[in-house]
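See structure below.
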Amino acid sequence: MEPLLSVNNLEVIYDKVFLAVKGISLEVPQGSIVTLLGANGAGKSTTLKAISGLLGPERGEVTRGVVRFAGRPLDRLPSPRRVALGIAQVLEGRRVFEHLTPEENLLAASTMHRDGAHVRSLIDRIYGYFPRLAERRSTRAGYLSGGEQQMLAIGRALMAEPRLLLLDEPSLGLAPRLVQEIFDIVRRINQEEGVTILLVEQNARAALAIASHGYLMENGRIVMAGPARTLRENPDVREFYLGGGSRMDYQRVKHYRRRKRWLA
Amino acid sequence: MLFLLELAANGALVGLMYALVALGIVLVYKSSGVVNFAQGGLVMLGGYVVWALLALAGLPLLAAVPLALLLMAGLGLVVERVALRPMIGQPLIMVLMLTLGLEAMLRGLAPAVWGADLKSLPVPISDGPLIVADLFLNRVYLFGGALTLVLFGALVLFFRSRTGVAMKAVSDDHLASWAVGISVERMTGLSWALAGVLAVVAGLLWGRVQGVDWTLSHVLIKALAVAILGGLDSLEGAVVGGLVLGILEGVIPGYLDPLVGGGTREVVAAFVIFLTILVRPYGFRGREVIERV
Amino acid sequence: MLQCQQIHRSFGGLKALSAVDLSVEAGEIVGLIGPNGSGKTTLTNVVTGFYPPQEGRVLLSGQDVTGWRPHRVARLGVARTFQNLALFRGLSALENILLGRHVHTRAGVLSAALYWWWGRTEETRQRRVVEEVIDFLQLEAVRDEPVELLPLGLQKRVELARALAAEPRLLILDEPMAGMNQEEKEYMARFILDTREERGAAILLIEHHMDVVMGVCDRVAVLDHGVKIADGPPPRVGGAPAVIAAYLGEADHAS
Amino acid sequence: QAKVVHLGLIQDFTRVYTFVTEEYNQGEQDYLELVNLSGGVGGYTFEALVTDTGNEPQRGIEAYERFKREGALVFDFLSTPVSRANVPRILKDGNVLITVLHGRSDATDGTTFPTIFPIMATYWSQATVVTKYVLDQEGGSLQGKKVALVHIDSPFGREPIPVFETLAGRLGFQFQDFPYPSPGTEQSATWTQVRRFRPDWVVLWGAGGGQPVAVREAIRNGIRTDRIVSVVWLAEKDMQVVGAQQARGVLRFEAAAAGTEPVLVRDILEKVYGAGRGHGDRANVGSTYYNIGVGAMATVVEGIRIALQRWGEPLTAEKIKTGLESLQGFDAEGLMPPIAITSEDHEGGGVGRISQWDGSRWVPRTDWYGAYRDIVWNLVRESAAQFRATGE
Amino acid sequence: MLYRQCGIRHTTYEADRALVVIPWEKLLAGLLGAAALAAPLYLPGLYLVGYLTPWLLWTAAALGLNVLMGWAGQIHLGYAAVMAVGAYTSVHLAHAGVPFLLAVPLAGAAAALVGAVFGVPALRVKGLYLAVSTLALQYLVDWVIVHVPAISGGAQSTLTAPPVRLLGLAVRSDAGLYWTALGYTLLATLFVLNLRRTAIGRALMALRERDYAAEIIGIDVHRYKAVAFGISSFLGGMTGAMLAFVYYGAVTPEQFALDVSIQAVAMVIIGGLGSVIGSYFGAGFVLLAPIFIDRGIRALAASLGLTLYAGTLSHLPLVVYGGLIVGFLLLEPLGLAKLYDNVRNYFLVWPFGYTGRSGS
Ligand SMILES: Nc1ncnc2c1ncn2[C@@H]1O[C@H](COP(=O)(O)OP(=O)(O)OP(=O)(O)O)[C@@H](O)[C@H]1O
Ligand SMILES: Nc1ncnc2c1ncn2[C@@H]1O[C@H](COP(=O)(O)OP(=O)(O)OP(=O)(O)O)[C@@H](O)[C@H]1O
Ligand SMILES: [Mg+2]
Ligand SMILES: [Mg+2]
């Protein structure tokens with residue numbers, strides 16, 4: 001069966017000169033959770049934006065490669081159309097509409113629906129996932145705590161009833177308990193609603209725990225790919241991405257260890 | 001006392017007429033974060049278009065105005081498509097400059113096509129004074145003020161709708177708007193179309209007051225002051241700002257001018273704005289910038 | 001070094017901090033943790049003078065700095081990094097770090113006007129110090145890049161460099177490791193430890209990565225809803241039921 | 001080789017003076033065309049070098065420097081700021097500048113400003129002519145009467161104040177000025193004050209879009225139309241905006257006859273427009289500002305004719321200046337008041353008349369006359385002396 | 001390989017901070033400088049008086065405003081008023097016998113004082129709200145000039161400036177005045193460039209980007225905002241004085257009206273915020289484009305045999321001018337300086353299409 005999303009040989013250039021993504025390919029099967037890992041600046045967010053069509057405002061441009069969603073190439077389709085097709089992205093750093101209330105944030109994200117009653121029921125469903133949002137529905141989103149904003153950002157993306165949810169670092173800056181909560185909800189959304197998820201995460205431990213497949217990005221290229229379990233057991237991945245958890249002894253980390261690279 | 005009341009009443013009405021133009025600015029700002037320096041030019045063009053439909057095409061007023069509304073709304077859409085869409089995501093001050101360029105174009109275009117001489121708009125509102133409780137009121141301003149309030153009400157309702165909320169979202173964050181499926185382009189286009197509609201109304205009324213020529217676009221400066229005084233993104237702010245500015249401009253020179261030999265109006269008004277902003281950095285009703293450290 | 005006594009701070013009706021005491025001794029690394037919105041960042045803002053407390057006092061090396069404007073506090077040797085990154089876009093990494101030296105720079109319009117006779121020596125002097133920091137944090141390669149084009153991890157490092165360039169006696173780090181992978185976290189942890197060792201600064205560290213907090217801090221304080229609910233050596237704090245309930249959650253603690 | 005006189009018509013078509021420039025410039029060019037069609041003057045034909053300044057001094061300077069190098073000897077900026085900015089250069093170069101109904105009123109003093117020619121009545125002179133009319137209407141005494149000057153708050157609007165103040169002292173009327181801010185499209189507060197003053201006469205001192213607003217406000221505030229007198233800048237189109245019937249009776253200062261009856265204007269219609277060589281819309285021909293333009297150019301051409309007659313070729317600015325200073329009783333075949341320009345008096349006597357709107361056109365109410373020259377000349381001498389004192 | 005950045009190694013920190021590092025650009029700067037200096041030898045006088053002198057002086061004004069708008073990030077809609085303060089001060093000083101070379105900096109100082117006072121709202125407000133309060137400055141200064149004859153010079157509101165005297169010699173020729181303007185603008189440029197590379201320039205940009213972070217690293221934001229207003233007003237005031245003496249030869253209120261303030265802002269924005277070379281481009285464009293478009297359209301109409309009336313002919317250039325502004329911004333939304341930069345970058349990486357980061 002054809003995967004829901006396939007990216008082929010994608011190349012992205014910023015500002016006409018800087019090559020950020022250098023020909024990557026990946027696949028996300030229908031109904032799965034796939035995670036994209038990688039160091040800072042590897043090009044993960046760029047890849048997601050290329051999929052959701054959000055490169056334009058950042059002076060970025062897809063110069064080569066194809067993104068196919070549900071069997072059709074997306075080419076230069078503008079992002080709202082992609083959202084209507086069922087691709088929704090949760091941006092890195094949350095980016096809620098600060099001056100709107102959570103309720104208005106959700107309403108604003110409902111322009112693809114005609115039916116007001118349906119919108120209402122969607123909002124209620126999202127309040128079901130995130131009861132905290134319902135409590136704070138009428139304070140300005142800019143003043144919500146980090147965790148609440150992240151919930152709102154995810155909820156807002158769900159308003160589109162997406163088939164594919166692109167999550168960019170949902171755990172960024174969240175307290176450990178909230179990280180668990182968010183990942184639980186992500187898993188529920190995947191299981192209960194059948195939403196396919198492409199997850200970019202720095203918290204590789206948590207990501208590989210819920211994902212079925214993983215890709216590893218370095219410097220704009222995919223350097224490793226495979227089932228989550230295989231990646232979890234790869235010694236390099238263990239050393240550079242998973243670490244020792246709370247058992248790690250930071251006092252003893254070597255001074256200025258040279259960074260390992262899969263590609264020079 | 002009567003003197004004071006009359007100055008205040010007429011000032012308030014004039015202020016509402018400014019607010020009419022300011023609403024166009026607020027509208028565009030609210031939905032795209034762009035300060036529209038071309039609104040004065042649009043008002044002027046609105047006046048010209050109505051004039052052309054009346055005088056050149058010979059239409060009756062009741063046909064000319066709706067047609068002008070349509071044409072100017074269309075122009076708003078065109079402006080968005082041609083000039084603003086490519087600028088999405090660019091620094092706002094550059095977009096602001098772009099609207100200044102647009103203003104220059106409009107200010108050149110209308111007189112080049114229709115001639116620079118003063119044109120009169122035959123809008124049947126009597127010039128005779130309307131005397132209410134011994135106050136001399138200007139009928140045109142009264143009519144304009146009432147119209148402003150009606151349009152204001154309509155806009156407030158509009159911004160409660162889903163489309164209105166989406167418009168506000170656009171001004172907060174373009175990228176995030178796209179990401180959740182809002183067509184930033186369509187929202188911006190809509191706001192410019194509405195600004196065009198408001199410009200026709202303002203052009204009609206201001207054109208009735210002073211005749212139609214390029215100087216109609218001057219109303220921008222006042223409208224901008226009103227919009228900022230009220231808080232750039234607040235519809236109520238524009239109305240309140242217009243009232244406050246209009247009343248101050250009416251009353252203060254009435255008492256100060258004879259003392260210092262005139263001309264205090266602009267200076268005093270400027271100073272009041274200056275002080276207001278010192279006390280309320282985002283105008284009367286503007287939203288503050290949420291800055292989380 | 002730093003003493004906060006009975007700090008109260010609220011925003012509108014919201015009590016962000018209530019009666020918080022916190023101290024950091026010279027050479028100590030103190031961790032500050034707590035759920036999102038518990039007031040950690042607000043506390044650092046109180047210390048740096050950004051949000052003066054409504055009640056309570058802030059003492060730096062015995063000096064009462066309550067109500068001082070931030071730039072004066074900075075002159076006493078307090079530097080910080082920001083949770084949401086507050087680098088100066090449009091400037092290169094080097095210039096950002098040079099700005100960190102501002103408290104030690106004598107800047108004058110005249111000296112700039114007479115650059116060749118006067119300004120240049122000062123600039124070069126500052127540059128030497130900054131290059132040491134760049135060396136220390138291994139930022140040589142990105143020195144001349146505009147900061148906004150750097151990947152997040154490097155930006156965080158530049159921000160740390162900017163703080164270090166001020167040669168602070170108290171360094172406040174607000175979530176320096178957010179958005180970093182394991183490897184990068186290890187780097188950052190090493191930098192933090194070395195900063196104390198080589199530069200002798202006391203450090204107040206806010207972090208959600210518990211492994212790091214537990215690993216590098218001498219002491220950990222926990223805030224919840226603006227109230228300090230625990231303060232003590234890492235293992236004891238990490239095991240406190242209140243902390244687990246409010247902050248850590250069961251699963252993570254178990255792992 | 002064809003002999004051509006170049007004239008630099010460097011004017012503001014797009015900003016403050018837009019309301020007058022198009023028609024004025026059309027009148028100037030049409031008149032030159034008329035002269036050219038009838039064979040020119042002394043073997044010379046005329047060519048206008050036209051450009052827009054947008055009322056920006058630096059654009060005026062650029063154009064002046066450019067046209068000067070293209071051989072222009074006579075300039076007309078029709079903009080006070082641009083003229084003022086160019087005065088030092090004009091004086092230095094010795095070129096001729098005409099400042100019709102704008103510019104420095106003290107340029108009347110030909111000894112201080114040897115090559116600058118206001119030609120028509122300056123604002124100071126207009127104030128005296130207006131006051132004289134008011135005095136005559138009141139039967140020769142203004143004792144106890146009230147005159148309100150409602151003016152735009154700019155140097156132009158404030159210019160007549162000293163004249164009115166002096167005259168108020170001399171004639172015993174009560175004078176008060178009421179400024180409104182530029183651009184003058186909103187004056188309601190000012191008029192509430194005016195009404196409180198209960199003036200017997202209202203003098204309007206504005207230009208462009210502010211003028212119809214002022215007239216309308218005056219009427220609305222219960223001033224009789226035949227008690228409203230305006231500075232020269234009130235034209236047919238303004239009255240249309242006010243409402244042609246409603247404005248019947250309004251008075252204004254007139255510097256040149258309006259309408260198509262004057263001989264020169266008839267000639268232009270017949271010869272220039274007859275030959276399809278007009279420089280603008282035919283409908284403008286004969287309008288107030290158009291005729292002023294014709295008058296201005298007629299005066300210049302007459303000066304040049306005298307210069308060529310008396311001193312022969314080659315034509316120089318110096319000769320044109322002297323030619324202009326030899327004009328005696330020149331009236332452009334009835335278009336203008338007879339003027340007498342001398343080397344002292346570059347204004348030509350400060351003559352004008354009052355005309356009245358009859359619902360469709362401006363009808364003269366008086367003959368051409370000048371008034372209270374002593375007052376004007378005191379101001380001119382004082383101001384010119386100041387210029388000389390700071391000049392170098 | 002003149003146009004290459006790689007391969008250039010700095011051995012001292014001083015060399016690294018030099019104004020121009022690429023050999024080809026050093027050459028270019030030298031050539032341009034020489035050409036500018038020798039301009040009176042090969043250019044007709046019209047170019048000196050009509051274009052180059054005002055361009056240079058307006059560039060200096062744009063530079064001053066750029067310090068405030070481009071670096072410190074404060075919008076100023078009353079810059080012409082600041083220039084007016086300088087112009088009137090200098091002319092009055094000169095009439096009182098103060099020599100030109102002293103009158104100009106004193107005028108700058110007076111303008112700096114007034115400008116700094118009007119920077120006070122900047123301590124509280126930002127962006128357009130600040131713009132409106134600076135607008136108050138414009139109205140106030142205009143009002144004072146018009147209403148106080150002692151300042152504006154009597155009934156005619158004109159003050160003639162005495163001739164420029166340098167080292168006891170009166171400078172009157174077009175070339176002499178041009179050189180004076182050139183010297184002044186070069187000094188202003190160097191001053192601004194030096195500011196940019198020392199602590200002050202950095203501090204200003206820091207407060208533009210994030211004033212709270214600037215405050216926390218020890219920059220006294222209030223003081224530096226005042227400094228920004230002061231420096232920029234100082235340059236503005238001096239430039240106003242130079243315009244009065246070197247270019248207009250007289251001062252009148254309209255030379256520094258609100259329109260002029262808006263033009264100055266346009267120069268800075270169209271040129272490119274914060275860019276020194278952009279100030280040259282922006283001033284050139286705003287000042288000269290209307291003139292050349294007007295000339296071009298008239299010439300075009302004449303050569304096509306079109307008989308357009310003077311009014312129409314004068315309004316069309318406005319359309320083209322506005323259209324050019326829109327067009328340039330659509331082509332390169334960051335201003336002319338960025339356009340230039342794109343070309344330069346193209347050569348820097350030539351013959352490669354793109355780079356990784358230059359360090360890597
Ligand atoms: N708008 C932009 N202009 C120029 N370069 C950019 C832009 N956005 C990102 N880059 C660069 O592209 C590269 C990839 O960035 P990207 O944001 O995709 O990385 P990432 O893998 O998401 O990293 P992170 O973990 O920091 O989020 C980085 O080197 C970054 O500096
Ligand atoms: N400027 C402000 N205005 C209003 N409320 C604020 C402001 N700053 C912070 N708050 C509120 O104060 C509380 C404490 O916020 P703070 O940023 O200190 O939390 P935190 O502990 O740093 O959380 P996180 O881990 O998410 O960074 C929050 O509820 C926040 O919404
Ligand atoms: Mg990313
Ligand atoms: Mg925080």
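Letters for chains follow the order of the structure tokens (A, B, ...), residue numbers begin at 1 for each chain, and ligand numbers begin at 1 in the order shown.
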
Env of stretch 173-177 of chain A: 10 Å cut, atoms = only C-alpha atoms, seq-sep filter 5 positions within chain, self excluded. Answer as an NGL selection string.
(:A and (93 or 145-148 or 150 or 182)) or (:C and (33-37 or 83-84 or 175-179 or 207-210 or 244-253))

Suppose we keep N, CA and C atoms; can you now write the selection as a short mmCIF file (atom, residue, chain, number, x, y, z; two decimals), in the first residue's frame?
data_model
loop_
_atom_site.label_atom_id
_atom_site.label_comp_id
_atom_site.auth_asym_id
_atom_site.auth_seq_id
_atom_site.Cartn_x
_atom_site.Cartn_y
_atom_site.Cartn_z
N GLY A 93 7.85 25.85 18.94
CA GLY A 93 7.70 27.05 19.76
C GLY A 93 6.26 27.48 19.89
N SER A 145 0.40 29.22 30.35
CA SER A 145 1.71 28.63 30.64
C SER A 145 2.17 27.84 29.42
N GLY A 146 3.43 27.51 29.42
CA GLY A 146 4.01 26.83 28.28
C GLY A 146 3.26 25.56 27.91
N GLY A 147 2.93 24.79 28.92
CA GLY A 147 2.24 23.53 28.65
C GLY A 147 0.87 23.77 28.06
N GLU A 148 0.18 24.73 28.61
CA GLU A 148 -1.16 25.02 28.11
C GLU A 148 -1.10 25.51 26.67
N GLN A 150 1.11 24.66 24.52
CA GLN A 150 1.39 23.52 23.66
C GLN A 150 0.12 22.73 23.41
N ILE A 182 1.51 15.12 27.34
CA ILE A 182 1.41 15.44 25.91
C ILE A 182 1.63 14.19 25.07
N ILE C 33 13.53 24.24 39.89
CA ILE C 33 12.60 23.51 39.03
C ILE C 33 11.17 23.78 39.49
N GLY C 34 10.26 23.31 38.69
CA GLY C 34 8.85 23.50 39.02
C GLY C 34 8.03 23.42 37.76
N PRO C 35 6.73 23.15 37.92
CA PRO C 35 5.87 23.03 36.74
C PRO C 35 5.87 24.30 35.91
N ASN C 36 5.36 24.20 34.70
CA ASN C 36 5.26 25.39 33.87
C ASN C 36 4.35 26.40 34.54
N GLY C 37 4.82 27.62 34.52
CA GLY C 37 4.00 28.68 35.10
C GLY C 37 4.09 28.75 36.61
N GLN C 83 14.93 32.10 28.53
CA GLN C 83 14.19 30.89 28.16
C GLN C 83 13.83 30.89 26.68
N ASN C 84 13.34 32.01 26.19
CA ASN C 84 12.92 32.08 24.79
C ASN C 84 13.97 32.74 23.92
N GLU C 175 16.49 27.55 31.40
CA GLU C 175 16.30 26.45 30.45
C GLU C 175 17.33 26.46 29.32
N PRO C 176 18.59 26.34 29.65
CA PRO C 176 19.62 26.37 28.60
C PRO C 176 19.57 25.13 27.71
N MET C 177 18.89 24.09 28.14
CA MET C 177 18.96 22.86 27.36
C MET C 177 17.67 22.51 26.65
N ALA C 178 16.73 23.41 26.70
CA ALA C 178 15.48 23.12 26.01
C ALA C 178 15.75 22.91 24.53
N GLY C 179 15.16 21.88 23.97
CA GLY C 179 15.31 21.62 22.55
C GLY C 179 16.66 21.07 22.16
N GLU C 207 15.84 24.31 34.75
CA GLU C 207 15.83 23.28 33.72
C GLU C 207 14.67 22.33 33.93
N HIS C 208 14.19 21.79 32.84
CA HIS C 208 13.19 20.73 32.95
C HIS C 208 13.82 19.35 32.72
N HIS C 209 15.04 19.31 32.23
CA HIS C 209 15.70 18.01 32.05
C HIS C 209 16.22 17.55 33.39
N MET C 210 15.48 16.64 34.01
CA MET C 210 15.80 16.28 35.38
C MET C 210 17.15 15.61 35.51
N ILE C 244 7.16 15.03 43.32
CA ILE C 244 6.76 14.04 42.32
C ILE C 244 5.34 14.33 41.84
N ALA C 245 4.48 14.65 42.77
CA ALA C 245 3.09 14.88 42.40
C ALA C 245 2.95 16.13 41.54
N ALA C 246 3.63 17.18 41.96
CA ALA C 246 3.42 18.45 41.26
C ALA C 246 4.19 18.52 39.97
N TYR C 247 5.30 17.86 39.90
CA TYR C 247 6.23 18.18 38.83
C TYR C 247 6.69 16.98 38.02
N LEU C 248 7.19 15.97 38.72
CA LEU C 248 7.87 14.92 37.97
C LEU C 248 6.92 13.95 37.31
N GLY C 249 5.85 13.64 37.99
CA GLY C 249 4.99 12.60 37.44
C GLY C 249 5.59 11.24 37.75
N GLU C 250 4.76 10.23 37.76
CA GLU C 250 5.21 8.92 38.22
C GLU C 250 6.18 8.26 37.27
N ALA C 251 5.79 8.22 36.00
CA ALA C 251 6.54 7.40 35.05
C ALA C 251 7.99 7.85 34.93
N ASP C 252 8.16 9.15 34.77
CA ASP C 252 9.50 9.63 34.53
C ASP C 252 10.38 9.31 35.72
N HIS C 253 9.81 9.47 36.88
CA HIS C 253 10.59 9.21 38.07
C HIS C 253 11.01 7.75 38.09
#

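By only C-alpha atoms, and with residues fewer than 6 positions from A:Gln89 along its chain excluded, the set lying at most 6 Å from it is Leu165 and Leu166 of chain A; Ala179 of chain B.
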
Can you spit out the residues from that selection as a PDB file, in the first residue's frame, using N, CA, C and O atoms?
ATOM      1  N   LEU A 165      -0.643  14.638  11.050  1.00  0.00           N
ATOM      2  CA  LEU A 165      -0.300  15.711  11.975  1.00  0.00           C
ATOM      3  C   LEU A 165       1.218  15.807  12.045  1.00  0.00           C
ATOM      4  O   LEU A 165       1.896  14.812  12.332  1.00  0.00           O
ATOM      5  N   LEU A 166       1.726  17.005  11.746  1.00  0.00           N
ATOM      6  CA  LEU A 166       3.174  17.209  11.842  1.00  0.00           C
ATOM      7  C   LEU A 166       3.456  17.910  13.161  1.00  0.00           C
ATOM      8  O   LEU A 166       2.979  19.021  13.385  1.00  0.00           O
TER       9      LEU A 166
ATOM     10  N   ALA B 179      -0.560  27.707   8.944  1.00  0.00           N
ATOM     11  CA  ALA B 179      -0.409  26.351   9.443  1.00  0.00           C
ATOM     12  C   ALA B 179      -1.753  25.777   9.883  1.00  0.00           C
ATOM     13  O   ALA B 179      -1.925  24.571   9.893  1.00  0.00           O
TER      14      ALA B 179
END

Expected answer as a VMD selection string: residues within 10 Å of ligand 3, only C-alpha atoms and all ligand atoms
(chain A and resid 38 to 49 91 to 93 168 to 169 200 to 202) or (chain C and resid 151 to 152 179)

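Closest approach to chain E from the set C:Gln3, C:Ser111, C:Thr66, C:Ser23 is made by C:Ser111, with distances taken over only C-alpha atoms.
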
At most 6 Å to chain B: residues in chain A, only C-alpha atoms, as a PyMOL selection string
chain A and resi 57+79-80+83+89+97+108-109+157

Writer output for current selection, N, CA and C atoms, as a JSON list (two decimals), in the first residue's frame:
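In the end it all went to out.json:
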[["chain", "number", "residue", "atom", "x", "y", "z"],
["A", 57, "PRO", "N", 7.26, 32.29, 3.56],
["A", 57, "PRO", "CA", 7.49, 33.48, 4.38],
["A", 57, "PRO", "C", 8.88, 33.53, 5.00],
["A", 79, "SER", "N", -0.38, 26.50, 1.51],
["A", 79, "SER", "CA", -0.57, 25.73, 2.73],
["A", 79, "SER", "C", -2.02, 25.60, 3.19],
["A", 80, "PRO", "N", -2.85, 26.64, 3.07],
["A", 80, "PRO", "CA", -4.23, 26.40, 3.52],
["A", 80, "PRO", "C", -4.91, 25.27, 2.76],
["A", 83, "VAL", "N", -3.81, 22.13, 4.30],
["A", 83, "VAL", "CA", -4.54, 21.88, 5.54],
["A", 83, "VAL", "C", -5.89, 21.28, 5.20],
["A", 89, "GLN", "N", 0.14, 21.23, 10.74],
["A", 89, "GLN", "CA", 1.42, 21.26, 11.43],
["A", 89, "GLN", "C", 1.30, 22.03, 12.74],
["A", 97, "PHE", "N", -2.02, 32.16, 18.82],
["A", 97, "PHE", "CA", -2.41, 33.54, 18.57],
["A", 97, "PHE", "C", -2.54, 34.24, 19.91],
["A", 108, "ALA", "N", -10.61, 30.31, 15.08],
["A", 108, "ALA", "CA", -9.86, 30.85, 13.95],
["A", 108, "ALA", "C", -9.36, 29.72, 13.06],
["A", 109, "ALA", "N", -9.11, 28.57, 13.67],
["A", 109, "ALA", "CA", -8.55, 27.45, 12.90],
["A", 109, "ALA", "C", -9.64, 26.62, 12.24],
["A", 157, "ALA", "N", -4.43, 22.53, 15.77],
["A", 157, "ALA", "CA", -4.15, 21.77, 14.55],
["A", 157, "ALA", "C", -5.23, 20.71, 14.34]]

Could you pull out the alpha helix (DSSP H) residues of stretch 200-267 of chain E, going by DSSP on the backbone, and write them as a ChimeraX atom specification?
/E:200-209,211-216,221-242,258-267

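Those residues that approach stretch 50-67 of chain B to within 10 Å, counting only C-alpha atoms, are B:Leu45, B:Gly46, B:Gly47, B:Leu70, B:Leu71, B:Met72, B:Ala73, B:Trp114, B:Lys119, B:Ser120, B:Leu121, B:Pro122, B:Val123, B:Pro124, B:Val197, B:Val200, B:Val201, B:Gly203, B:Leu204, B:Gly207, B:Gly211, B:Val212; same-chain residues fewer than 3 positions away are not listed.
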
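As for atom CA of E:Pro105 and atom CA of C:Tyr115, they are spaced 19.0 Å apart.
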
Compute the set of chain D residues within 9 Å of chain E, using only C-alpha atoms, and express it as a PyMOL selection string.
chain D and resi 12-14+18+21-23+25-26+50-54+56-59+61-66+69+81-82+84-89+103-106+153-156+158-159+279-281+379+383+386-387+390-392

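Atom pair atom CA of A:Tyr14 / atom CA of C:Ala161 has a distance of 26.6 Å (rounded to one decimal).
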
List as a ChimeraX atom specification the protein and nucleic acid residues near stretch 322-339 of chain D, meaning an atom at most 8 Å away when only C-alpha atoms are counted, but skip any in the same chain fewer than 5 places from it.
/D:119,255-257,262-264,291,295,298-300,302-307,346,348-349,351-352,368

Please identify all residues of chain C having at least one atom at most 9 Å from any atom of chain E, considering only C-alpha atoms, and return them as a PyMOL selection string.
chain C and resi 48-50+69-75+78-82+86-91+95-96+98-103+105-109+111-115+119-124+127-128+140-145+162-163+166

Write out as number ranges by chain every residue belonging to chain B that has an atom at most 7 Å from any atom of chain D, counting only C-alpha atoms.
B: 7, 10-11, 116-120, 127-129, 209-211, 250, 254, 262-263, 265-266

Write out the residues from the selection above, keeping N, CA and C atoms, as a short mmCIF file (atom, residue, chain, number, x, y, z; two decimals), in the first residue's frame.
data_model
loop_
_atom_site.label_atom_id
_atom_site.label_comp_id
_atom_site.auth_asym_id
_atom_site.auth_seq_id
_atom_site.Cartn_x
_atom_site.Cartn_y
_atom_site.Cartn_z
N LEU B 7 -18.91 74.08 20.35
CA LEU B 7 -17.59 73.63 19.90
C LEU B 7 -17.45 72.13 20.10
N ASN B 10 -19.89 70.04 17.61
CA ASN B 10 -19.39 69.97 16.24
C ASN B 10 -18.06 69.23 16.17
N GLY B 11 -17.24 69.46 17.19
CA GLY B 11 -15.97 68.75 17.24
C GLY B 11 -16.19 67.25 17.27
N ALA B 116 -7.10 67.61 -12.42
CA ALA B 116 -6.76 67.96 -11.05
C ALA B 116 -7.67 69.02 -10.47
N ASP B 117 -8.58 69.56 -11.28
CA ASP B 117 -9.40 70.65 -10.76
C ASP B 117 -10.44 70.14 -9.77
N LEU B 118 -10.90 71.06 -8.95
CA LEU B 118 -11.83 70.73 -7.90
C LEU B 118 -13.18 70.31 -8.48
N LYS B 119 -13.69 69.19 -8.02
CA LYS B 119 -15.00 68.73 -8.51
C LYS B 119 -16.01 68.78 -7.36
N SER B 120 -17.25 69.08 -7.74
CA SER B 120 -18.23 69.12 -6.67
C SER B 120 -19.08 67.86 -6.70
N ASP B 127 -27.29 72.53 3.32
CA ASP B 127 -26.21 73.24 4.00
C ASP B 127 -26.71 74.11 5.14
N GLY B 128 -28.00 74.31 5.14
CA GLY B 128 -28.54 75.18 6.18
C GLY B 128 -28.21 74.65 7.55
N PRO B 129 -28.05 75.54 8.51
CA PRO B 129 -27.68 75.07 9.84
C PRO B 129 -28.83 74.30 10.47
N VAL B 209 -17.99 67.76 1.68
CA VAL B 209 -17.58 68.89 2.51
C VAL B 209 -16.66 69.83 1.74
N GLN B 210 -15.68 69.29 1.06
CA GLN B 210 -14.62 70.14 0.51
C GLN B 210 -14.47 70.05 -0.99
N GLY B 211 -15.30 69.27 -1.64
CA GLY B 211 -15.08 69.06 -3.06
C GLY B 211 -14.06 67.95 -3.26
N GLY B 250 -11.83 71.09 18.73
CA GLY B 250 -12.86 72.11 18.65
C GLY B 250 -12.76 73.07 19.83
N GLY B 254 -10.75 77.24 20.68
CA GLY B 254 -11.79 78.22 20.95
C GLY B 254 -11.42 79.13 22.10
N GLY B 262 -3.65 82.63 17.76
CA GLY B 262 -4.12 81.67 16.78
C GLY B 262 -3.23 80.48 16.52
N GLY B 263 -3.83 79.56 15.79
CA GLY B 263 -3.08 78.43 15.28
C GLY B 263 -2.71 77.39 16.32
N ARG B 265 -4.51 74.97 17.31
CA ARG B 265 -5.25 73.73 17.19
C ARG B 265 -4.37 72.51 16.94
N GLU B 266 -3.54 72.58 15.92
CA GLU B 266 -2.72 71.43 15.59
C GLU B 266 -1.75 71.09 16.71
#
